[in-house]
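**Student:** my_file_14.tsv (TSV, C-alpha atoms and all ligand atoms) pasted underneath:
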```tsv
chain	number	residue	atom	x	y	z
M	160	MET	CA	101.28	-21.34	21.78
M	161	TYR	CA	100.01	-18.92	19.17
M	162	LEU	CA	101.00	-20.99	16.11
M	163	PRO	CA	99.45	-24.10	14.57
M	164	PHE	CA	102.55	-26.36	14.26
M	165	GLU	CA	104.72	-28.06	16.83
M	166	GLU	CA	108.20	-26.65	17.40
M	167	LYS	CA	109.98	-29.70	15.98
M	168	TYR	CA	108.78	-28.89	12.47
M	169	PHE	CA	110.38	-25.44	12.34
M	170	PRO	CA	113.74	-25.30	10.53
M	171	ASN	CA	116.93	-24.36	12.36
M	172	ILE	CA	117.17	-20.74	11.40
M	173	LYS	CA	116.53	-17.80	13.67
M	174	VAL	CA	113.35	-16.02	12.67
M	175	GLY	CA	111.56	-13.35	14.70
M	176	ASN	CA	112.30	-12.18	18.23
M	177	THR	CA	113.72	-9.08	16.61
M	178	PRO	CA	114.70	-6.18	18.86
M	179	LEU	CA	112.39	-3.36	19.89
M	180	ILE	CA	114.65	-0.36	20.28
M	181	LYS	CA	114.15	3.21	21.37
M	182	PRO	CA	116.23	5.57	19.24
M	183	GLU	CA	117.42	8.70	21.05
M	184	TYR	CA	116.66	10.85	18.04
M	185	PHE	CA	112.92	10.91	18.71
M	186	ASN	CA	113.45	12.61	22.09
M	187	SER	CA	115.01	15.50	20.23
M	188	ILE	CA	111.76	16.05	18.31
M	189	GLY	CA	109.74	15.86	21.50
M	190	PHE	CA	108.45	12.29	21.42
M	191	LYS	CA	109.40	10.31	24.49
M	192	ASN	CA	108.06	6.88	23.65
M	193	ILE	CA	108.83	6.00	20.07
M	194	PHE	CA	110.11	2.50	19.46
M	195	ILE	CA	111.31	0.76	16.36
M	196	LYS	CA	110.57	-2.90	15.83
M	197	ASP	CA	113.50	-3.82	13.63
M	198	ASP	CA	112.37	-6.68	11.44
M	199	SER	CA	115.13	-5.99	8.95
M	200	LEU	CA	117.17	-8.21	11.30
M	201	ASN	CA	115.43	-11.41	10.23
M	202	PRO	CA	117.73	-13.93	8.51
M	203	THR	CA	116.86	-12.93	4.94
M	204	GLY	CA	116.44	-9.27	5.88
M	205	SER	CA	112.67	-8.84	6.01
M	206	LEU	CA	109.56	-9.51	8.03
M	207	LYS	CA	108.50	-11.99	5.33
M	208	ASP	CA	110.58	-14.62	7.14
M	209	ARG	CA	107.85	-14.86	9.77
M	210	ALA	CA	105.46	-16.18	7.13
M	211	SER	CA	108.00	-18.34	5.29
M	212	TYR	CA	109.07	-19.98	8.54
M	213	LEU	CA	105.52	-21.09	9.31
M	214	VAL	CA	104.86	-22.27	5.75
M	215	ALA	CA	108.12	-24.28	5.90
M	216	ALA	CA	106.95	-25.89	9.17
M	217	CYS	CA	103.66	-26.81	7.47
M	218	ALA	CA	105.52	-28.36	4.53
M	219	ARG	CA	107.73	-30.38	6.86
M	220	LYS	CA	104.81	-31.59	8.93
M	221	PHE	CA	103.01	-32.86	5.85
M	222	ASN	CA	106.14	-34.02	4.05
M	223	ILE	CA	105.79	-31.55	1.18
M	224	LYS	CA	109.02	-31.15	-0.78
M	225	GLU	CA	108.38	-28.10	-2.92
M	226	ILE	CA	106.84	-24.68	-2.30
M	227	VAL	CA	105.69	-22.23	-4.99
M	228	VAL	CA	105.63	-18.48	-4.43
M	229	SER	CA	105.34	-15.24	-6.38
M	230	SER	CA	106.90	-12.07	-5.10
M	231	THR	CA	108.14	-8.59	-5.85
M	232	GLY	CA	111.25	-9.69	-4.01
M	233	ASN	CA	111.16	-10.17	-0.27
M	234	ALA	CA	108.63	-13.00	0.00
M	235	GLY	CA	110.58	-14.85	-2.69
M	236	SER	CA	114.05	-14.32	-1.28
M	237	SER	CA	112.65	-15.14	2.14
M	238	MET	CA	111.01	-18.40	1.07
M	239	ALA	CA	114.17	-19.27	-0.85
M	240	GLY	CA	116.35	-18.75	2.24
M	241	ILE	CA	114.05	-20.48	4.71
M	242	GLY	CA	113.54	-23.23	2.10
M	243	ALA	CA	117.31	-23.66	1.89
M	244	ALA	CA	117.47	-24.05	5.68
M	245	SER	CA	114.60	-26.56	5.56
M	246	GLY	CA	115.66	-28.76	2.65
M	247	ILE	CA	112.61	-27.67	0.65
M	248	LYS	CA	112.71	-26.75	-3.05
M	249	VAL	CA	111.36	-23.31	-3.93
M	250	LYS	CA	109.85	-22.29	-7.26
M	251	LEU	CA	109.71	-18.52	-7.44
M	252	PHE	CA	107.79	-16.31	-9.90
M	253	VAL	CA	109.00	-12.70	-10.04
M	254	PRO	CA	108.20	-9.63	-12.14
M	255	GLU	CA	110.91	-8.27	-14.44
M	256	LYS	CA	111.32	-5.15	-12.32
M	257	ILE	CA	112.44	-6.99	-9.18
M	258	PRO	CA	115.31	-5.16	-7.40
M	259	LYS	CA	118.51	-6.95	-8.28
M	260	GLY	CA	119.60	-7.53	-4.69
M	261	LYS	CA	116.45	-9.53	-3.99
M	262	LEU	CA	116.86	-11.59	-7.17
M	263	VAL	CA	120.53	-12.31	-6.46
M	264	GLN	CA	119.62	-13.31	-2.94
M	265	ALA	CA	116.96	-15.80	-4.11
M	266	LEU	CA	119.35	-17.29	-6.68
M	267	GLN	CA	122.09	-17.59	-4.06
M	268	TYR	CA	119.71	-19.58	-1.88
M	269	GLY	CA	119.12	-21.90	-4.83
M	270	ALA	CA	115.52	-21.07	-5.76
M	271	ASP	CA	114.28	-22.01	-9.22
M	272	VAL	CA	113.33	-18.54	-10.49
M	273	VAL	CA	110.83	-17.85	-13.28
M	274	MET	CA	110.95	-14.24	-14.46
M	275	VAL	CA	107.60	-12.98	-15.74
M	276	LYS	CA	107.18	-10.28	-18.38
M	277	GLY	CA	104.81	-7.95	-16.59
M	278	ASN	CA	104.09	-6.87	-13.05
M	279	TYR	CA	103.74	-8.61	-9.69
M	280	ASP	CA	100.03	-9.28	-10.20
M	281	LYS	CA	100.84	-11.25	-13.34
M	282	ALA	CA	103.61	-13.21	-11.59
M	283	TYR	CA	101.07	-13.96	-8.84
M	284	ASP	CA	98.55	-15.37	-11.35
M	285	PHE	CA	101.21	-17.48	-13.10
M	286	SER	CA	102.43	-18.93	-9.83
M	287	LEU	CA	98.90	-19.88	-8.78
M	288	GLU	CA	98.31	-21.59	-12.09
M	289	TYR	CA	101.58	-23.48	-11.64
M	290	SER	CA	100.90	-24.61	-8.06
M	291	GLU	CA	97.38	-25.73	-9.00
M	292	ARG	CA	98.60	-27.59	-12.08
M	293	LYS	CA	101.42	-29.34	-10.19
M	294	LYS	CA	99.45	-29.72	-6.92
M	295	LEU	CA	102.14	-27.97	-4.89
M	296	LEU	CA	101.97	-25.87	-1.73
M	297	SER	CA	101.65	-22.14	-2.47
M	298	ARG	CA	103.16	-19.57	-0.15
M	299	ASN	CA	101.49	-16.76	-2.04
M	300	THR	CA	100.76	-13.98	0.35
M	301	ALA	CA	97.18	-14.02	1.74
M	302	TYR	CA	96.27	-16.94	-0.58
M	303	ASN	CA	97.98	-19.13	1.99
M	304	PRO	CA	96.41	-18.07	5.33
M	305	LEU	CA	99.58	-19.15	7.16
M	306	THR	CA	101.19	-15.97	5.83
M	307	ILE	CA	98.80	-13.89	7.95
M	308	GLU	CA	99.29	-16.25	10.86
M	309	GLY	CA	103.08	-15.97	10.67
M	310	LYS	CA	103.06	-12.19	10.48
M	311	LYS	CA	100.88	-11.84	13.56
M	312	THR	CA	103.91	-12.85	15.65
M	313	ALA	CA	105.30	-9.33	15.14
M	314	ALA	CA	102.36	-7.96	17.17
M	315	ILE	CA	102.74	-10.56	19.89
M	316	GLU	CA	106.43	-9.73	20.26
M	317	ILE	CA	105.74	-5.98	20.41
M	318	PHE	CA	103.29	-6.65	23.24
M	319	GLU	CA	105.74	-8.89	25.08
M	320	GLU	CA	108.68	-6.52	24.64
M	321	LEU	CA	106.74	-3.46	25.79
M	322	GLY	CA	104.94	-5.29	28.57
M	323	ARG	CA	101.74	-3.62	27.40
M	324	GLU	CA	100.02	-2.61	24.18
M	325	PRO	CA	101.35	0.31	22.18
M	326	ASP	CA	98.98	3.21	21.55
M	327	TYR	CA	99.89	3.54	17.89
M	328	VAL	CA	101.60	1.34	15.33
M	329	PHE	CA	102.83	2.62	11.98
M	330	LEU	CA	103.39	-0.01	9.30
M	331	PRO	CA	103.63	-0.14	5.51
M	332	ALA	CA	100.79	-1.73	3.51
M	333	GLY	CA	100.88	-3.27	0.05
M	334	ASP	CA	98.89	-6.48	-0.06
M	335	GLY	CA	97.75	-5.79	3.49
M	336	VAL	CA	99.02	-9.05	4.96
M	337	ILE	CA	101.35	-7.42	7.47
M	338	LEU	CA	98.49	-5.07	8.33
M	339	GLY	CA	95.99	-7.93	8.70
M	340	GLY	CA	98.50	-10.12	10.53
M	341	VAL	CA	99.51	-7.45	13.05
M	342	TYR	CA	95.82	-6.72	13.67
M	343	LYS	CA	95.13	-10.42	14.14
M	344	GLY	CA	97.96	-10.72	16.67
M	345	PHE	CA	96.72	-7.80	18.74
M	346	ALA	CA	93.09	-8.92	18.41
M	347	GLU	CA	93.92	-12.38	19.74
M	348	LEU	CA	95.73	-10.86	22.73
M	349	TYR	CA	92.77	-8.55	23.25
M	350	ILE	CA	90.29	-11.42	23.19
M	351	MET	CA	92.46	-13.25	25.73
M	352	GLY	CA	92.14	-10.21	27.98
M	353	ARG	CA	95.82	-9.31	27.83
M	354	LEU	CA	95.38	-5.84	26.30
M	355	LYS	CA	93.48	-2.93	27.81
M	356	ARG	CA	92.54	-1.70	24.36
M	357	MET	CA	93.37	-2.31	20.74
M	358	PRO	CA	96.24	-0.21	19.39
M	359	LYS	CA	95.44	2.22	16.61
M	360	ILE	CA	97.18	1.18	13.42
M	361	PHE	CA	98.29	3.65	10.77
M	362	ALA	CA	98.72	1.83	7.46
M	363	VAL	CA	101.12	3.77	5.26
M	364	GLN	CA	100.85	3.66	1.47
M	365	SER	CA	102.51	5.51	-1.38
M	366	ASP	CA	100.38	7.92	-3.38
M	367	LYS	CA	101.52	5.86	-6.38
M	368	SER	CA	100.08	2.68	-4.86
M	369	PRO	CA	97.11	3.65	-2.66
M	370	ALA	CA	94.66	0.78	-3.27
M	371	ILE	CA	93.84	0.09	0.40
M	372	ALA	CA	93.59	3.77	1.32
M	373	ASN	CA	91.27	4.37	-1.66
M	374	ALA	CA	89.06	1.44	-0.76
M	375	LEU	CA	88.84	2.58	2.86
M	376	ASN	CA	87.55	5.93	1.60
M	377	GLU	CA	85.43	4.79	-1.29
M	378	GLY	CA	84.01	1.55	0.04
M	379	ASP	CA	85.44	-0.87	-2.50
M	380	PHE	CA	88.52	-1.68	-4.55
M	381	LYS	CA	89.08	-0.15	-7.95
M	382	LYS	CA	91.82	-1.26	-10.29
M	383	ILE	CA	94.83	1.05	-10.19
M	384	ASN	CA	98.17	1.05	-11.99
M	385	ALA	CA	100.56	1.07	-9.05
M	386	ASN	CA	103.85	2.73	-9.81
M	387	SER	CA	105.76	3.34	-6.58
M	388	ILE	CA	109.53	3.06	-6.17
M	389	ALA	CA	108.77	1.22	-2.91
M	390	ASP	CA	108.47	-2.14	-4.67
M	391	SER	CA	107.36	-4.08	-1.60
M	392	ILE	CA	104.20	-2.00	-1.27
M	393	ASN	CA	103.59	-1.55	-5.00
M	394	VAL	CA	100.38	-3.47	-5.67
M	395	ASP	CA	97.43	-3.06	-8.06
M	396	VAL	CA	95.07	-5.44	-6.31
M	397	PRO	CA	95.84	-6.03	-2.62
M	398	LYS	CA	95.64	-9.76	-2.00
M	399	ASN	CA	94.47	-9.29	1.57
M	400	GLY	CA	92.48	-6.15	0.84
M	401	TYR	CA	89.06	-7.03	2.22
M	402	TYR	CA	90.42	-8.45	5.46
M	403	ALA	CA	92.69	-5.43	5.90
M	404	ILE	CA	89.82	-3.00	5.33
M	405	SER	CA	87.50	-4.83	7.67
M	406	MET	CA	90.13	-4.73	10.45
M	407	LEU	CA	90.84	-1.03	9.83
M	408	ARG	CA	87.11	-0.31	10.12
M	409	LYS	CA	86.54	-2.51	13.14
M	410	TYR	CA	89.44	-1.13	15.16
M	411	GLU	CA	89.40	2.45	13.85
M	412	GLY	CA	92.70	2.31	12.02
M	413	GLU	CA	93.73	4.89	9.48
M	414	CYS	CA	95.54	5.00	6.18
M	415	VAL	CA	98.26	7.56	5.63
M	416	ILE	CA	99.30	8.35	2.06
M	417	VAL	CA	102.82	9.62	1.48
M	418	LYS	CA	104.79	10.59	-1.62
M	419	ASP	CA	107.64	8.45	-2.95
M	420	GLU	CA	109.89	11.49	-2.49
M	421	ASP	CA	108.96	11.63	1.19
M	422	ILE	CA	109.63	7.92	1.56
M	423	LEU	CA	113.16	8.45	0.21
M	424	ASP	CA	113.68	11.36	2.63
M	425	ALA	CA	112.42	9.22	5.51
M	426	GLN	CA	114.80	6.45	4.44
M	427	ILE	CA	117.76	8.82	4.85
M	428	LEU	CA	116.38	10.26	8.09
M	429	LEU	CA	116.04	6.74	9.52
M	430	SER	CA	119.53	5.70	8.42
M	431	SER	CA	121.25	8.85	9.62
M	432	LYS	CA	119.39	9.30	12.92
M	433	THR	CA	118.92	5.75	14.13
M	434	GLY	CA	121.52	3.63	12.33
M	435	ILE	CA	118.83	1.51	10.71
M	436	PHE	CA	119.14	1.34	6.93
M	437	ALA	CA	115.74	0.22	5.67
M	438	GLU	CA	114.35	-0.34	2.20
M	439	PRO	CA	111.88	2.28	0.91
M	440	ALA	CA	108.74	0.28	1.78
M	441	ALA	CA	110.00	-0.10	5.34
M	442	ALA	CA	110.93	3.56	5.64
M	443	ALA	CA	107.32	4.34	4.72
M	444	SER	CA	106.46	3.67	8.39
M	445	LEU	CA	108.60	6.63	9.43
M	446	SER	CA	107.38	8.72	6.51
M	447	GLY	CA	103.77	8.15	7.59
M	448	PHE	CA	104.61	9.09	11.17
M	449	MET	CA	106.37	12.30	10.07
M	450	LYS	CA	103.30	13.22	8.04
M	451	VAL	CA	100.80	12.95	10.92
M	452	LYS	CA	103.03	13.70	13.91
M	453	GLU	CA	101.55	17.14	14.55
M	454	LYS	CA	98.23	15.49	15.36
M	455	ILE	CA	99.74	13.04	17.82
M	456	ASP	CA	100.08	13.37	21.58
M	457	LYS	CA	103.81	13.35	22.37
M	458	ASP	CA	103.51	10.97	25.33
M	459	LYS	CA	101.87	8.16	23.37
M	460	ILE	CA	103.63	4.84	23.03
M	461	ILE	CA	104.33	4.51	19.34
M	462	VAL	CA	105.89	1.65	17.41
M	463	LEU	CA	107.27	2.03	13.91
M	464	LEU	CA	107.48	-1.35	12.24
M	465	ILE	CA	110.56	-1.52	10.01
M	466	THR	CA	109.95	-4.40	7.66
M	467	GLY	CA	113.09	-4.85	5.54
M	468	THR	CA	116.74	-3.90	5.06
M	469	GLY	CA	117.96	-1.25	2.64
M	470	LEU	CA	120.84	-3.30	1.33
M	471	LYS	CA	118.52	-5.22	-1.01
M	472	ASP	CA	117.70	-2.18	-3.12
M	473	ILE	CA	120.80	-0.07	-3.58
M	474	GLU	CA	119.43	1.64	-6.68
M	475	ASN	CA	116.62	3.50	-4.90
M	476	ALA	CA	118.80	4.11	-1.86
M	477	SER	CA	121.30	5.86	-4.16
M	478	LYS	CA	118.82	8.46	-5.40
M	479	LYS	CA	119.21	11.03	-2.64
M	480	ILE	CA	122.81	10.63	-1.63
M	481	LYS	CA	125.90	12.22	-3.10
M	482	PHE	CA	128.70	9.88	-4.06
M	483	PRO	CA	132.23	11.12	-3.34
M	484	GLU	CA	134.66	11.86	-6.18
M	485	PRO	CA	137.98	10.02	-5.95
M	486	ILE	CA	140.89	12.21	-4.92
M	487	LYS	CA	144.47	12.14	-6.12
M	488	SER	CA	146.15	14.01	-3.31
M	489	MET	CA	145.51	14.93	0.31
M	490	ASP	CA	145.55	18.62	-0.72
M	491	GLN	CA	142.04	18.14	-2.11
M	492	ILE	CA	140.63	17.51	1.38
M	493	LYS	CA	139.57	20.72	3.09
R	501	LIG	C1	105.91	-7.29	1.89
R	501	LIG	C2	106.46	-6.07	2.47
R	501	LIG	C3	105.65	-5.00	2.86
R	501	LIG	C4	104.16	-4.97	2.66
R	501	LIG	O1	103.49	-6.04	3.24
R	501	LIG	P1	102.03	-6.45	2.75
R	501	LIG	O2	101.68	-7.59	3.55
R	501	LIG	O3	102.16	-6.75	1.27
R	501	LIG	O4	101.15	-5.27	2.94
R	501	LIG	C5	106.27	-3.90	3.43
R	501	LIG	N1	107.60	-3.84	3.59
R	501	LIG	C6	108.40	-4.84	3.22
R	501	LIG	C7	109.87	-4.69	3.40
R	501	LIG	C8	107.86	-5.98	2.65
R	501	LIG	O5	108.69	-6.96	2.26
```
Starting from the file, lay out its structure as C-alpha cells.

**Tutor:**
Amino acid sequence: MYLPFEEKYFPNIKVGNTPLIKPEYFNSIGFKNIFIKDDSLNPTGSLKDRASYLVAACARKFNIKEIVVSSTGNAGSSMAGIGAASGIKVKLFVPEKIPKGKLVQALQYGADVVMVKGNYDKAYDFSLEYSERKKLLSRNTAYNPLTIEGKKTAAIEIFEELGREPDYVFLPAGDGVILGGVYKGFAELYIMGRLKRMPKIFAVQSDKSPAIANALNEGDFKKINANSIADSINVDVPKNGYYAISMLRKYEGECVIVKDEDILDAQILLSSKTGIFAEPAAAASLSGFMKVKEKIDKDKIIVLLITGTGLKDIENASKKIKFPEPIKSMDQIK
C-alpha cells in the first residue's frame, strides 16, 4: 500500500517486519518506554535490505538483469544478498577500507566487486560513471529515490507495532537516507491523519563525521574529511544531505554529535544489557540517547533504531573487550 511495486515482483526473502522490543535494562535507568527497533535482524544484517528489496522489485518489474551500487559495506552486501535471492547480477564498488566481514559477505553472495583506491565518495563516483556508461540501474543511496522509499517502511512498522507514534526516535545518520526515509514514512502517515503529531527525530553523528550536524548549524554543507570508526556513517558529502536538513528543519529534529569512543562504549552497553550486538554505526543511536537523556522526560515513548549487526565488523568490536588467555590447568581458574 505504501510502496510503488506490486507484491509479485518482490523476491522470496524476508525483509523488514523486524521486532520492536522493550529491553528491561532501560527501566533500571528510569525510562519506562524505551523500545529498540532491531533492524540488524534483516536477512543480510542491516536496514539496507529495505532499500535493496525495493530496488530488486523495480529491476524485476522492468526486466533489468544487473544492478550497480557503491557502498562502505552494508548497502553492497545487502544488494548482493537480495540480488542473489532475485537472480539479479550485482556490480559493487567499495573503498579499500571496507570492513572485511562486509566484503566477505558480498563475495559469498556472488557480487562482482571492484575495490577502489580511496574513500567511499570516490567509489560512489566510479560506480555512477559505470552505471551511466553501461546504462544499468544504480542502487546508489539517495541517487536512486527508491532507497528513501524503501527505508521509510521502518517508520511505518514502528507506528504499526506501537499502535501510535513514538515521541522520539534516535537513529544514526551518514548519507541521511535512513533519516530522510524515516521522516518520509512518518510524514506520509501524518498527512493521512494517522498520527497526532510528528515524532521528534534525533540524528546521531560521530564528531569525526558531522557533515549533517554542521550543515544544520551553519546553513550549508562544507567539505570535511570524515574519519570515524563507524564506517556506515562515515561520509564526507552526505548524498541525501539537503533533503535530510529540510526535514530536520521542518519537523524540528535535532542532531546529536557523539565521540567514536562513546559509540564503542554504547556498543558494549547495548550488547551486555539488551543482548543486541550492533555495529558501531548502529550503536550510535544508543550513544546519542545516553548523551541527551538528562534533558528527556522519562515517560516519553522513545525508539532507538538499531540499523546493523555487530558481527560484520569484528575489528572495531574487539577494541574495548579483553580477550581471555588460554589456560593449561583448572588451578588457574579462581
Ligand atoms: C547505512 C547505514 C547507516 C546510515 O544510513 P544513511 O542513510 O547513510 O544515513 C547507519 N547504520 C548502518 C548500520 C548503516 O548500514

**Student:** Smallest atom-to-atom distance to Ala210 of chain M: which of M:Val272, M:Leu305, M:Ala374, M:Ile195, using all atoms listed in the file?

**Tutor:** M:Leu305

**Student:** May I ask for the distance between atom CA of Glu183 of chain M and atom CA of Pro483 of chain M, given in Å to one decimal place?

**Tutor:**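 The value is 28.6 Å.
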
**Student:** Select from chain M every residue with an atom at most 7 Å from any atom of ligand LIG 501 (chain R), then for each give the shortest pair of atoms and their distance in Å to one decimal, using only C-alpha atoms and all ligand atoms, rows by chain and rising number, as a Markdown table.

**Tutor:**
```
| residue | atom | partner | partner_atom | distance |
| --- | --- | --- | --- | --- |
| M:Ser205 | CA | R:LIG501 | C7 | 5.6 |
| M:Leu206 | CA | R:LIG501 | O5 | 6.4 |
| M:Lys207 | CA | R:LIG501 | O5 | 5.9 |
| M:Asn233 | CA | R:LIG501 | O5 | 4.8 |
| M:Ala234 | CA | R:LIG501 | O5 | 6.4 |
| M:Pro331 | CA | R:LIG501 | C5 | 5.0 |
| M:Ala332 | CA | R:LIG501 | O4 | 3.6 |
| M:Gly333 | CA | R:LIG501 | O4 | 3.5 |
| M:Asp334 | CA | R:LIG501 | O3 | 3.5 |
| M:Gly335 | CA | R:LIG501 | O4 | 3.5 |
| M:Val336 | CA | R:LIG501 | O2 | 3.3 |
| M:Ile337 | CA | R:LIG501 | O2 | 3.9 |
| M:Leu338 | CA | R:LIG501 | O4 | 6.0 |
| M:Ser391 | CA | R:LIG501 | C2 | 4.6 |
| M:Ile392 | CA | R:LIG501 | C4 | 4.9 |
| M:Glu438 | CA | R:LIG501 | C7 | 6.4 |
| M:Ala440 | CA | R:LIG501 | N1 | 4.6 |
| M:Ala441 | CA | R:LIG501 | N1 | 4.8 |
| M:Thr466 | CA | R:LIG501 | C7 | 4.3 |
| M:Gly467 | CA | R:LIG501 | C7 | 3.9 |
```

**Student:** I'd like the contact shell of segment 350-354 of chain M - 7 Å cut-off, all atoms listed in the file, skipping same-chain residues fewer than 4 positions apart - returned as a list of chain:residue names.

**Tutor:** M:Arg323, M:Glu324, M:Ala346

**Student:** Show which residues sit within 8 Å of Phe380 of chain M, as a PyMOL selection string. Count only C-alpha atoms, and ignore same-chain residues fewer than 4 positions away.

**Tutor:** chain M and resi 370-371+373-374+396

**Student:** Selected residues, C-alpha atoms, written as an mmCIF file, in the coordinates of the input, please.

**Tutor:**
```cif
data_model
loop_
_atom_site.group_PDB
_atom_site.id
_atom_site.type_symbol
_atom_site.label_atom_id
_atom_site.label_comp_id
_atom_site.auth_asym_id
_atom_site.auth_seq_id
_atom_site.Cartn_x
_atom_site.Cartn_y
_atom_site.Cartn_z
ATOM 1 C CA ALA M 370 94.660 0.780 -3.270
ATOM 2 C CA ILE M 371 93.840 0.090 0.400
ATOM 3 C CA ASN M 373 91.270 4.370 -1.660
ATOM 4 C CA ALA M 374 89.060 1.440 -0.760
ATOM 5 C CA VAL M 396 95.070 -5.440 -6.310
#
```

**Student:** Report, in Å with one decimal, the straight-line distance from atom CA of Ala301 of chain M to atom CA of Lys382 of chain M.

**Tutor:**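 For atom CA of Ala301 of chain M relative to atom CA of Lys382 of chain M, the distance reads 18.3 Å.
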
**Student:** May I have the protein, DNA and RNA residues with an atom at most 12 Å from (86.4, -2.4, 6.7), counting only C-alpha atoms in the file's coordinates, returned as an MDAnalysis selection string?

**Tutor:** chainID M and resid 339 371:380 399:414

**Student:** Give me the residues within 10 Å of Ser229 of chain M as JSON, numbers by chain, counting all atoms listed in the file and dropping any in the same chain fewer than 6 places off.

**Tutor:** {"M": [235, 238, 250, 251, 252, 253, 254, 272, 273, 274, 275, 279, 280, 281, 282, 283, 284, 285, 286, 287, 297, 298, 299, 300]}

**Student:** The centre and edge lengths of an axis-aligned box containing all atoms of segment 425-437 of chain M present in the file, extended by 8 Å on each side, are to be given in Å to one decimal, as lines of an AutoDock Vina configuration file.

**Tutor:**
```
center_x = 117.0
center_y = 5.2
center_z = 9.3
size_x = 25.1
size_y = 26.0
size_z = 25.7
```

**Student:** List the residues sitting within 12 Å of (106.3, -22.1, 10.2) in the file's frame, using all atoms listed in the file, as a PyMOL selection string.

**Tutor:** chain M and resi 161-175+207-220+238+241-242+245+298+304-310+312

**Student:** What does the structure give for the distance between atom CA of Asn475 of chain M and atom CA of Ala442 of chain M, in Å to one decimal?

**Tutor:** 12.0 Å

**Student:** My list of candidates is M:Ala313, M:Val417, M:Val328, M:Leu348. Which is closest to Asn201 of chain M when distances are computed with all atoms listed in the file?

**Tutor:** M:Ala313
